[in-house]
$ cat entry.cif   # mmCIF, C-alpha atoms
data_structure
#
loop_
_atom_site.label_atom_id
_atom_site.label_comp_id
_atom_site.auth_asym_id
_atom_site.auth_seq_id
_atom_site.Cartn_x
_atom_site.Cartn_y
_atom_site.Cartn_z
CA MET E 1 31.14 69.56 159.47
CA ASN E 2 33.41 72.46 158.44
CA ILE E 3 34.21 74.87 161.29
CA LEU E 4 36.28 78.04 161.06
CA HIS E 5 37.57 79.50 164.34
CA ILE E 6 38.68 83.14 164.26
CA ALA E 7 40.68 84.58 167.14
CA SER E 8 43.30 87.14 168.07
CA MET E 9 45.87 85.20 170.06
CA GLU E 10 49.54 85.32 170.93
CA ASN E 11 51.46 82.34 172.30
CA ASN E 12 50.92 83.49 175.87
CA PRO E 13 50.53 80.63 178.38
CA CYS E 14 49.23 83.10 180.98
CA CYS E 15 46.29 84.25 178.82
CA GLY E 16 43.14 82.20 179.32
CA VAL E 17 41.87 82.66 175.77
CA ALA E 18 45.25 81.79 174.24
CA VAL E 19 45.33 78.60 176.32
CA VAL E 20 41.80 77.33 176.00
CA VAL E 21 40.92 78.16 172.37
CA PRO E 22 43.71 76.00 170.89
CA GLN E 23 42.61 73.16 173.17
CA HIS E 24 39.05 73.49 171.88
CA ILE E 25 40.31 73.35 168.31
CA ILE E 26 42.61 70.36 168.87
CA ALA E 27 39.77 68.43 170.52
CA GLN E 28 37.27 69.37 167.78
CA GLN E 29 39.65 68.24 165.03
CA LYS E 30 38.90 64.65 166.05
CA LEU E 31 35.21 65.09 165.17
CA ALA E 32 35.10 67.73 162.42
CA ASP E 33 37.11 69.63 159.79
CA VAL E 34 38.48 72.63 161.65
CA VAL E 35 40.50 75.66 160.53
CA LEU E 36 42.00 78.44 162.68
CA LEU E 37 42.35 81.99 161.33
CA ASN E 38 44.45 84.01 163.78
CA LEU E 39 44.63 87.81 163.69
CA ARG E 40 48.09 87.63 165.27
CA GLU E 41 51.14 85.74 164.10
CA GLY E 42 52.00 82.62 166.03
CA LYS E 43 51.67 78.89 165.48
CA TYR E 44 50.09 76.49 167.94
CA VAL E 45 51.43 72.94 168.22
CA GLY E 46 48.81 70.30 167.48
CA ILE E 47 46.50 72.46 165.36
CA GLU E 48 46.21 71.47 161.73
CA ASN E 49 45.19 74.08 159.15
CA GLN E 50 46.06 77.33 160.92
CA TYR E 51 46.51 80.63 159.10
CA PHE E 52 47.44 84.22 159.89
CA TYR E 53 45.07 87.00 158.85
CA HIS E 54 46.70 89.73 156.74
CA ASN E 55 43.62 91.02 154.95
CA ILE E 56 40.17 89.94 153.85
CA PHE E 57 41.58 87.98 150.89
CA ASP E 58 42.95 85.42 153.38
CA LEU E 59 39.35 84.56 154.20
CA HIS E 60 38.58 83.90 150.53
CA LYS E 61 41.71 81.75 150.22
CA ILE E 62 40.43 79.57 153.04
CA PHE E 63 37.04 79.27 151.32
CA LEU E 64 38.73 78.18 148.09
CA LYS E 65 40.92 75.59 149.81
CA PHE E 66 38.48 74.11 152.33
CA GLY E 67 35.10 75.21 151.03
CA LYS E 68 32.75 77.58 152.77
CA PRO E 69 32.47 76.75 156.46
CA ASP E 70 29.19 75.51 157.91
CA LEU E 71 29.83 77.71 160.93
CA VAL E 72 32.32 80.40 161.96
CA VAL E 73 33.26 80.86 165.63
CA PHE E 74 34.55 84.28 166.71
CA HIS E 75 36.49 84.28 169.98
CA GLU E 76 36.05 87.47 172.00
CA CYS E 77 34.11 90.42 170.66
CA TYR E 78 36.01 93.70 170.63
CA ARG E 79 38.27 93.23 167.63
CA SER E 80 37.82 95.86 164.90
CA LYS E 81 38.88 93.41 162.16
CA TYR E 82 35.93 91.21 163.09
CA LEU E 83 33.57 93.86 161.72
CA LEU E 84 34.76 93.55 158.12
CA ILE E 85 35.14 89.77 158.35
CA SER E 86 31.58 89.38 159.63
CA LEU E 87 30.30 91.58 156.79
CA VAL E 88 31.94 89.26 154.25
CA LEU E 89 30.44 86.24 156.02
CA ARG E 90 26.95 87.71 155.88
CA LYS E 91 27.31 88.52 152.16
CA ASN E 92 28.28 84.90 151.57
CA HIS E 93 25.42 83.60 153.75
CA ILE E 94 27.82 81.98 156.22
CA PRO E 95 26.50 81.87 159.79
CA TYR E 96 28.68 82.81 162.74
CA ILE E 97 28.54 82.65 166.50
CA ILE E 98 30.45 84.69 169.09
CA VAL E 99 32.19 83.31 172.18
CA PRO E 100 32.73 86.56 174.13
CA HIS E 101 34.72 84.97 176.97
CA CYS E 102 32.86 87.15 179.50
CA GLU E 103 33.35 90.44 177.59
CA LEU E 104 29.58 90.97 177.26
CA THR E 105 28.54 90.41 180.86
CA VAL E 106 27.02 93.25 182.87
CA GLU E 107 30.07 93.25 185.16
CA ALA E 108 32.54 93.52 182.27
CA GLN E 109 30.48 96.20 180.56
CA ASN E 110 30.36 98.30 183.74
CA ASN E 111 34.10 98.40 184.40
CA LYS E 112 36.35 101.46 184.09
CA LYS E 113 35.93 101.63 180.30
CA SER E 114 32.13 101.42 180.39
CA PHE E 115 31.53 104.74 178.58
CA LYS E 116 33.89 103.84 175.73
CA LYS E 117 32.22 100.45 175.39
CA LYS E 118 28.77 102.01 175.18
CA ILE E 119 29.91 104.26 172.34
CA ALA E 120 31.69 101.41 170.55
CA ASN E 121 28.66 99.17 170.93
CA PHE E 122 26.30 101.79 169.55
CA LEU E 123 28.46 102.76 166.58
CA LEU E 124 30.04 99.42 165.67
CA PHE E 125 29.68 96.25 167.65
CA ASN E 126 25.92 95.96 168.26
CA HIS E 127 25.51 95.25 164.54
CA PHE E 128 28.18 92.53 164.70
CA ILE E 129 26.66 90.97 167.82
CA ASN E 130 23.03 91.12 166.70
CA HIS E 131 23.78 89.36 163.42
CA ALA E 132 25.39 86.42 165.19
CA LEU E 133 23.48 83.17 164.99
CA ALA E 134 24.03 82.81 168.73
CA ILE E 135 26.19 83.85 171.66
CA GLN E 136 28.10 81.01 173.32
CA CYS E 137 28.47 81.46 177.08
CA LEU E 138 30.77 79.39 179.22
CA SER E 139 28.46 79.09 182.23
CA GLU E 140 24.89 79.73 183.32
CA LYS E 141 26.09 82.71 185.36
CA GLU E 142 27.71 84.27 182.29
CA MET E 143 24.60 83.61 180.20
CA ASN E 144 22.30 85.24 182.76
CA SER E 145 24.61 88.26 182.96
CA THR E 146 24.98 88.66 179.17
CA LEU E 147 22.32 91.05 177.87
CA PHE E 148 23.41 90.98 174.22
CA GLY E 149 22.28 88.77 171.35
CA TYR E 150 18.97 87.16 170.45
CA LYS E 151 19.97 83.57 171.21
CA LYS E 152 22.36 82.31 173.87
CA TYR E 153 23.48 78.86 174.92
CA ILE E 154 26.02 77.30 177.27
CA SER E 155 29.07 75.35 176.13
CA THR E 156 31.89 75.22 178.61
CA ASN E 157 35.66 74.80 178.60
CA GLY E 158 37.35 71.46 179.14
CA ILE E 159 40.50 70.15 180.76
CA ASN E 160 42.73 67.09 180.67
CA LEU E 161 42.75 65.06 183.87
CA PRO E 162 46.39 64.89 185.07
CA PHE E 163 47.97 61.63 186.16
CA LYS E 164 49.40 63.19 189.32
CA TYR E 165 47.05 64.58 191.93
CA LYS E 166 46.99 65.64 195.57
CA LYS E 167 46.96 62.70 198.00
CA ILE E 168 48.74 63.88 201.15
CA PHE E 169 47.92 67.23 202.77
CA ASN E 170 50.12 69.28 205.10
CA GLU E 171 49.57 68.79 208.83
CA LYS E 172 51.36 71.69 210.52
CA ILE E 173 50.51 74.53 208.13
CA ILE E 174 47.83 75.14 205.52
CA LYS E 175 49.06 76.39 202.16
CA ILE E 176 46.43 78.30 200.19
CA VAL E 177 47.28 79.27 196.63
CA PHE E 178 45.87 81.51 193.89
CA ILE E 179 47.16 81.19 190.34
CA GLY E 180 45.76 83.63 187.80
CA ARG E 181 46.05 87.08 186.26
CA LEU E 182 46.96 89.72 188.85
CA ASP E 183 43.90 91.85 188.12
CA ILE E 184 42.72 93.38 191.39
CA TYR E 185 39.10 94.14 190.49
CA HIS E 186 38.28 91.23 188.18
CA LYS E 187 39.87 88.58 190.40
CA GLY E 188 38.64 90.20 193.62
CA LEU E 189 42.13 90.35 195.10
CA ASP E 190 41.23 93.50 197.03
CA LEU E 191 38.41 91.55 198.70
CA LEU E 192 40.75 88.66 199.51
CA LEU E 193 43.39 90.93 201.07
CA GLU E 194 40.76 92.75 203.13
CA ALA E 195 39.43 89.39 204.37
CA ILE E 196 42.94 88.35 205.40
CA LYS E 197 43.45 91.63 207.26
CA ASN E 198 40.13 91.18 209.11
CA LYS E 199 41.15 87.73 210.38
CA TYR E 200 44.91 88.28 210.51
CA ASP E 201 45.52 87.11 214.09
CA TYR E 202 43.42 83.98 213.64
CA LEU E 203 45.18 83.08 210.38
CA LYS E 204 48.61 83.72 211.85
CA ASN E 205 47.88 81.61 214.94
CA ASN E 206 46.73 78.74 212.73
CA SER E 207 49.86 78.80 210.53
CA ILE E 208 48.11 79.84 207.32
CA LYS E 209 50.20 80.82 204.31
CA ILE E 210 48.61 82.33 201.21
CA TYR E 211 50.56 82.54 197.95
CA LEU E 212 49.49 84.61 194.94
CA TYR E 213 50.98 83.72 191.54
CA GLY E 214 50.29 85.38 188.23
CA PRO E 215 51.36 87.64 185.39
CA ASP E 216 51.36 91.37 186.02
CA TYR E 217 48.27 93.08 184.61
CA GLN E 218 48.63 96.76 183.76
CA GLY E 219 51.20 97.30 186.50
CA GLN E 220 49.01 95.92 189.28
CA TYR E 221 51.69 93.62 190.68
CA ILE E 222 53.23 96.60 192.48
CA GLU E 223 49.81 97.84 193.54
CA ILE E 224 49.00 94.46 195.11
CA GLU E 225 52.39 94.41 196.82
CA GLN E 226 51.67 97.87 198.26
CA LEU E 227 48.24 96.72 199.46
CA ILE E 228 49.81 93.76 201.25
CA ASN E 229 52.35 96.02 202.95
CA SER E 230 49.83 98.74 203.85
CA LYS E 231 47.58 96.15 205.51
CA ASN E 232 50.64 94.68 207.29
CA ILE E 233 49.75 91.12 206.25
CA GLN E 234 53.02 90.23 204.51
CA LYS E 235 53.76 87.47 207.07
CA ILE E 236 50.77 85.58 205.70
CA VAL E 237 50.48 86.67 202.05
CA ARG E 238 53.23 86.48 199.46
CA ILE E 239 52.94 87.67 195.88
CA ASN E 240 54.90 86.03 193.07
CA HIS E 241 55.19 86.28 189.32
CA GLU E 242 53.58 83.76 186.96
CA VAL E 243 54.43 80.07 187.07
CA LEU E 244 54.13 77.65 184.15
CA SER E 245 54.19 73.97 183.26
CA LYS E 246 56.17 71.80 185.69
CA GLU E 247 56.66 74.56 188.25
CA LYS E 248 52.92 75.29 188.34
CA GLU E 249 52.15 71.60 188.75
CA GLU E 250 54.56 71.35 191.68
CA ILE E 251 53.01 74.40 193.37
CA LEU E 252 49.51 72.95 193.03
CA LEU E 253 50.61 69.58 194.40
CA GLU E 254 52.32 71.25 197.37
CA ALA E 255 49.25 73.38 198.18
CA ASP E 256 46.31 72.33 200.34
CA VAL E 257 43.60 74.66 199.01
CA PHE E 258 43.10 76.73 195.87
CA ILE E 259 41.37 80.09 196.29
CA GLN E 260 39.76 82.42 193.77
CA THR E 261 37.61 85.38 194.79
CA SER E 262 36.63 86.79 191.38
CA ARG E 263 33.80 89.25 190.96
CA PHE E 264 32.90 87.63 187.62
CA GLU E 265 34.13 84.81 185.38
CA GLY E 266 33.03 82.79 182.39
CA MET E 267 34.63 79.44 183.11
CA PRO E 268 37.90 79.97 185.05
CA MET E 269 40.57 77.53 183.89
CA GLY E 270 42.62 78.08 187.05
CA ILE E 271 39.87 76.56 189.20
CA LEU E 272 39.27 73.69 186.76
CA GLU E 273 42.98 72.93 186.79
CA ALA E 274 43.15 72.98 190.60
CA LEU E 275 40.12 70.68 190.86
CA SER E 276 41.69 68.29 188.35
CA TYR E 277 44.74 67.99 190.65
CA GLY E 278 42.47 67.05 193.55
CA LEU E 279 42.70 70.38 195.37
CA PRO E 280 39.63 71.54 197.30
CA CYS E 281 38.71 75.05 196.18
CA LEU E 282 37.47 78.09 198.06
CA VAL E 283 35.59 80.29 195.59
CA THR E 284 33.17 83.19 195.43
CA ARG E 285 29.88 82.85 193.57
CA GLY E 286 31.31 85.31 191.05
CA THR E 287 33.57 82.54 189.73
CA SER E 288 30.51 80.71 188.24
CA LEU E 289 31.64 77.36 189.68
CA GLY E 290 30.18 77.78 193.16
CA GLU E 291 27.06 75.66 192.60
CA LEU E 292 29.02 72.71 191.21
CA ILE E 293 31.57 72.87 194.01
CA GLU E 294 28.70 72.85 196.52
CA LYS E 295 26.96 69.99 194.71
CA TYR E 296 30.10 67.80 194.75
CA ASP E 297 31.29 69.03 198.18
CA ALA E 298 34.61 69.91 196.56
CA GLY E 299 35.41 72.97 198.66
CA TRP E 300 33.80 76.08 200.11
CA VAL E 301 31.67 78.76 198.48
CA CYS E 302 31.17 82.31 199.69
CA GLU E 303 29.56 85.53 198.60
CA THR E 304 31.64 88.09 196.73
CA ASN E 305 32.56 90.30 199.67
CA ALA E 306 35.39 90.43 202.21
CA ASP E 307 33.35 89.34 205.26
CA SER E 308 32.01 86.22 203.56
CA ILE E 309 35.46 85.35 202.19
CA ALA E 310 36.96 85.69 205.68
CA GLU E 311 34.33 83.41 207.23
CA SER E 312 34.86 80.80 204.51
CA ILE E 313 38.62 80.78 205.10
CA ILE E 314 37.93 80.09 208.77
CA ARG E 315 35.53 77.28 207.80
CA CYS E 316 38.21 75.87 205.56
CA ILE E 317 40.74 75.87 208.44
CA ASN E 318 38.28 74.22 210.84
CA GLU E 319 37.51 71.50 208.29
CA LYS E 320 41.08 70.61 207.34
CA GLU E 321 40.41 66.97 208.22
CA LEU E 322 38.05 66.95 205.20
CA PHE E 323 40.66 68.14 202.69
CA ASN E 324 41.29 64.62 201.38
CA VAL E 325 37.60 63.82 200.85
CA LYS E 326 36.92 67.18 199.24
CA GLY E 327 39.97 66.70 197.01
CA GLN E 328 38.64 63.34 195.80
CA ASN E 329 35.29 65.00 195.12
CA ALA E 330 37.11 67.70 193.12
CA ARG E 331 38.55 65.07 190.76
CA LYS E 332 35.11 63.49 190.41
CA LEU E 333 33.61 66.88 189.53
CA ILE E 334 36.08 67.23 186.64
CA GLU E 335 35.66 63.64 185.43
CA GLU E 336 31.89 63.96 185.23
CA ASN E 337 31.65 67.45 183.76
CA PHE E 338 34.78 68.87 182.14
CA THR E 339 36.90 66.31 180.32
CA TRP E 340 37.65 67.38 176.74
CA ASN E 341 35.97 64.31 175.26
CA LYS E 342 32.66 65.14 176.95
CA VAL E 343 32.83 68.90 176.34
CA THR E 344 33.78 68.55 172.65
CA ARG E 345 31.02 66.10 171.75
CA GLU E 346 28.42 68.35 173.35
CA THR E 347 29.84 71.44 171.60
CA ILE E 348 29.93 69.84 168.13
CA ASN E 349 26.36 68.64 168.62
CA ILE E 350 25.26 72.21 169.37
CA TYR E 351 27.18 73.52 166.33
CA GLN E 352 25.45 71.02 164.06
CA LYS E 353 22.00 71.94 165.35
CA LEU E 354 22.69 75.67 164.93
CA ALA E 355 24.00 75.23 161.38
CA TYR E 356 21.05 73.02 160.41
CA LYS E 357 18.50 75.48 161.82
CA ASN E 358 20.18 78.25 159.87
CA ILE E 359 19.85 76.28 156.62
CA ILE E 360 16.16 75.62 157.28
CA ARG E 361 15.58 79.28 158.15
CA ASN E 362 17.21 80.49 154.92
#

$ encode --input "entry.cif" --output "structure tokens"
Amino acid sequence: MNILHIASMENNPCCGVAVVVPQHIIAQQKLADVVLLNLREGKYVGIENQYFYHNIFDLHKIFLKFGKPDLVVFHECYRSKYLLISLVLRKNHIPYIIVPHCELTVEAQNNKKSFKKKIANFLLFNHFINHALAIQCLSEKEMNSTLFGYKKYISTNGINLPFKYKKIFNEKIIKIVFIGRLDIYHKGLDLLLEAIKNKYDYLKNNSIKIYLYGPDYQGQYIEIEQLINSKNIQKIVRINHEVLSKEKEEILLEADVFIQTSRFEGMPMGILEALSYGLPCLVTRGTSLGELIEKYDAGWVCETNADSIAESIIRCINEKELFNVKGQNARKLIEENFTWNKVTRETINIYQKLAYKNIIRN
């Protein structure tokens, strides 16, 4: 099967799309003929057949060299260059799907730029979306919250299971860590900080330390720092810049619990990574992984509000003797659901069925 992935990615290890899309492509190369067309310059190690998009003639060059693809996969939605590319695909009777990475959910559509998105959708992007063969969602929650497209299906992200994992948990203190983009609304960091303020004395008396790590997003690092100071919770919460590679691994292995209180997510790689290291996770239902974490007893799940988050943190503290068992369950959750081998075979199977149905239909 010939698959063409089209994305707009920089080599940014803190960007979820720039991390996970290359991993999808590398895994799919083992089962199919795969080409990457990137709207931004930058090479990714391990990807064969990757090209930079200058103009529409680059698309035709790929067709001449590799033949017309059986399926094109657009990553994310709101890229103006996608509009012309998709028009060329339709003229050449080449089907395409869109992986919006949560951009088309109700929550994402109703953020601060909601009016601009409505105008852009009406004038430009509805046509692009509605001509897609299907919309690929990363979770059932994302699919249920995505109101675009005529056909939707679920195909998730994957992760490599690390050799090292958490075996011994701290006895005197409990280290809770968040690693992700410092986006207050999306990641629900305002809710988390309010929950900490509400239970400050209890958390302090139980030697709880909460560490936030991540890249600054639109200047919100300072805003989060100001929130921590204004709530007078700086003895419990510490904010830090992004961590990568070995340093990130060490922080995860030193932590006792991973926390993420997002309002919405597709398939959060930060949580998958923490689970793969055997860390129990405390998550909101907005993260989309709550049901699986409950099913495997791999952590604690709460509603997406400050009171529920606060109560779940207290539950977590009171059940610290279960950290080891929940951590083992976390690894099992990843092994049975999210290894790249499993995810890739399921994804390629879906691609083949979609491409075949398109041939029959035409």

$ closest_residue --input "entry.cif" --among "E:Cys302, E:Leu354, E:Ile208, E:Ile179" --to "Glu249 in chain E" --atoms "all atoms listed in the file"
E:Ile179

$ resolve_selection --input "entry.cif" --expression "the PyMOL selection byres ((chain E and resi 54-65) around 9)" --output "PyMOL selection string"
chain E and resi 35+37+39-40+51-53+66-69+81+84-85+88

$ residues_around --input "entry.cif" --residues "range 184-200 of chain E" --least-positions-apart "3" --cutoff "6 Å" --atoms "only C-alpha atoms" --output "list in words"
Leu203, Thr261, Ser262, Arg263, Ala306 and Ala310 of chain E

$ write_last_selection --input "entry.cif" --atoms "C-alpha atoms" --output "PDB file, in the coordinates of the input"
ATOM      1  CA  LEU E 203      45.180  83.080 210.380  1.00  0.00           C
ATOM      2  CA  THR E 261      37.610  85.380 194.790  1.00  0.00           C
ATOM      3  CA  SER E 262      36.630  86.790 191.380  1.00  0.00           C
ATOM      4  CA  ARG E 263      33.800  89.250 190.960  1.00  0.00           C
ATOM      5  CA  ALA E 306      35.390  90.430 202.210  1.00  0.00           C
ATOM      6  CA  ALA E 310      36.960  85.690 205.680  1.00  0.00           C
TER       7      ALA E 310
END

$ resolve_selection --input "entry.cif" --expression "the PyMOL selection byres ((chain E and resi 281) around 12)" --output "JSON, numbers by chain"
{"E": [176, 177, 178, 179, 252, 255, 256, 257, 258, 259, 260, 261, 270, 271, 272, 273, 274, 275, 276, 277, 278, 279, 280, 282, 283, 284, 287, 289, 290, 292, 293, 294, 296, 297, 298, 299, 300, 301, 302, 312, 313, 316, 323, 324, 326, 327, 328, 329, 330, 331, 333]}

$ atom_distance --input "entry.cif" --atom1 "CA of Phe122 in chain E" --atom2 "CA of Glu103 in chain E"
15.6 Å

$ closest_residue --input "entry.cif" --among "E:Gly158, E:Glu10, E:Glu107, E:Tyr96" --to "Glu336 in chain E" --atoms "only C-alpha atoms"
E:Gly158

$ residues_around --input "entry.cif" --residues "Ser8 in chain E" --least-positions-apart "6" --cutoff "12 Å" --atoms "all atoms listed in the file" --output "PyMOL selection string"
chain E and resi 15+17-18+21-22+36-42+51-53+74-82

$ resolve_selection --input "entry.cif" --expression "the PyMOL selection byres ((chain E and resi 13) around 10)" --output "list in words"
Glu10, Asn11, Asn12, Cys14, Cys15, Gly16, Val17, Ala18, Val19, Val20, Pro215, Glu242, Val243, Leu244 and Ser245 of chain E

$ atom_distance --input "entry.cif" --atom1 "CA of Leu138 in chain E" --atom2 "CA of Val99 in chain E"
8.2 Å

$ closest_residue --input "entry.cif" --among "E:Leu83, E:Gln29, E:Lys43, E:Ile239" --to "Met9 in chain E" --atoms "all atoms listed in the file"
E:Lys43

$ decode --input "entry.cif" --residues "range 4-17 of chain E" --atoms "N, CA and C atoms" --output "PDB file, in the first residue's frame"
ATOM      1  N   LEU E   4       0.832   8.493   1.639  1.00  0.00           N
ATOM      2  CA  LEU E   4       1.502   9.792   1.691  1.00  0.00           C
ATOM      3  C   LEU E   4       1.003  10.554   2.905  1.00  0.00           C
ATOM      4  N   HIS E   5       1.911  10.845   3.849  1.00  0.00           N
ATOM      5  CA  HIS E   5       1.582  11.675   5.000  1.00  0.00           C
ATOM      6  C   HIS E   5       1.966  13.113   4.692  1.00  0.00           C
ATOM      7  N   ILE E   6       1.076  14.056   4.992  1.00  0.00           N
ATOM      8  CA  ILE E   6       1.353  15.473   4.793  1.00  0.00           C
ATOM      9  C   ILE E   6       1.171  16.181   6.134  1.00  0.00           C
ATOM     10  N   ALA E   7       2.208  16.926   6.529  1.00  0.00           N
ATOM     11  CA  ALA E   7       2.171  17.587   7.831  1.00  0.00           C
ATOM     12  C   ALA E   7       2.936  18.900   7.770  1.00  0.00           C
ATOM     13  N   SER E   8       2.774  19.690   8.815  1.00  0.00           N
ATOM     14  CA  SER E   8       3.525  20.936   8.955  1.00  0.00           C
ATOM     15  C   SER E   8       4.253  20.877  10.293  1.00  0.00           C
ATOM     16  N   MET E   9       5.505  20.385  10.251  1.00  0.00           N
ATOM     17  CA  MET E   9       6.211  20.077  11.499  1.00  0.00           C
ATOM     18  C   MET E   9       7.619  20.654  11.517  1.00  0.00           C
ATOM     19  N   GLU E  10       8.008  21.148  12.660  1.00  0.00           N
ATOM     20  CA  GLU E  10       9.384  21.512  12.931  1.00  0.00           C
ATOM     21  C   GLU E  10       9.973  20.457  13.862  1.00  0.00           C
ATOM     22  N   ASN E  11      11.292  20.367  13.904  1.00  0.00           N
ATOM     23  CA  ASN E  11      11.941  19.447  14.838  1.00  0.00           C
ATOM     24  C   ASN E  11      11.841  19.997  16.254  1.00  0.00           C
ATOM     25  N   ASN E  12      10.657  19.863  16.834  1.00  0.00           N
ATOM     26  CA  ASN E  12      10.399  20.400  18.164  1.00  0.00           C
ATOM     27  C   ASN E  12       9.985  19.253  19.088  1.00  0.00           C
ATOM     28  N   PRO E  13      10.894  18.782  19.953  1.00  0.00           N
ATOM     29  CA  PRO E  13      10.577  17.641  20.810  1.00  0.00           C
ATOM     30  C   PRO E  13       9.526  17.926  21.865  1.00  0.00           C
ATOM     31  N   CYS E  14       9.088  19.183  21.980  1.00  0.00           N
ATOM     32  CA  CYS E  14       8.048  19.537  22.946  1.00  0.00           C
ATOM     33  C   CYS E  14       6.668  19.642  22.296  1.00  0.00           C
ATOM     34  N   CYS E  15       6.618  19.447  20.984  1.00  0.00           N
ATOM     35  CA  CYS E  15       5.340  19.523  20.259  1.00  0.00           C
ATOM     36  C   CYS E  15       4.819  18.109  20.022  1.00  0.00           C
ATOM     37  N   GLY E  16       3.616  17.837  20.508  1.00  0.00           N
ATOM     38  CA  GLY E  16       3.064  16.490  20.403  1.00  0.00           C
ATOM     39  C   GLY E  16       2.990  15.972  18.985  1.00  0.00           C
ATOM     40  N   VAL E  17       2.508  16.819  18.064  1.00  0.00           N
ATOM     41  CA  VAL E  17       2.377  16.393  16.670  1.00  0.00           C
ATOM     42  C   VAL E  17       3.743  16.098  16.064  1.00  0.00           C
TER      43      VAL E  17
END
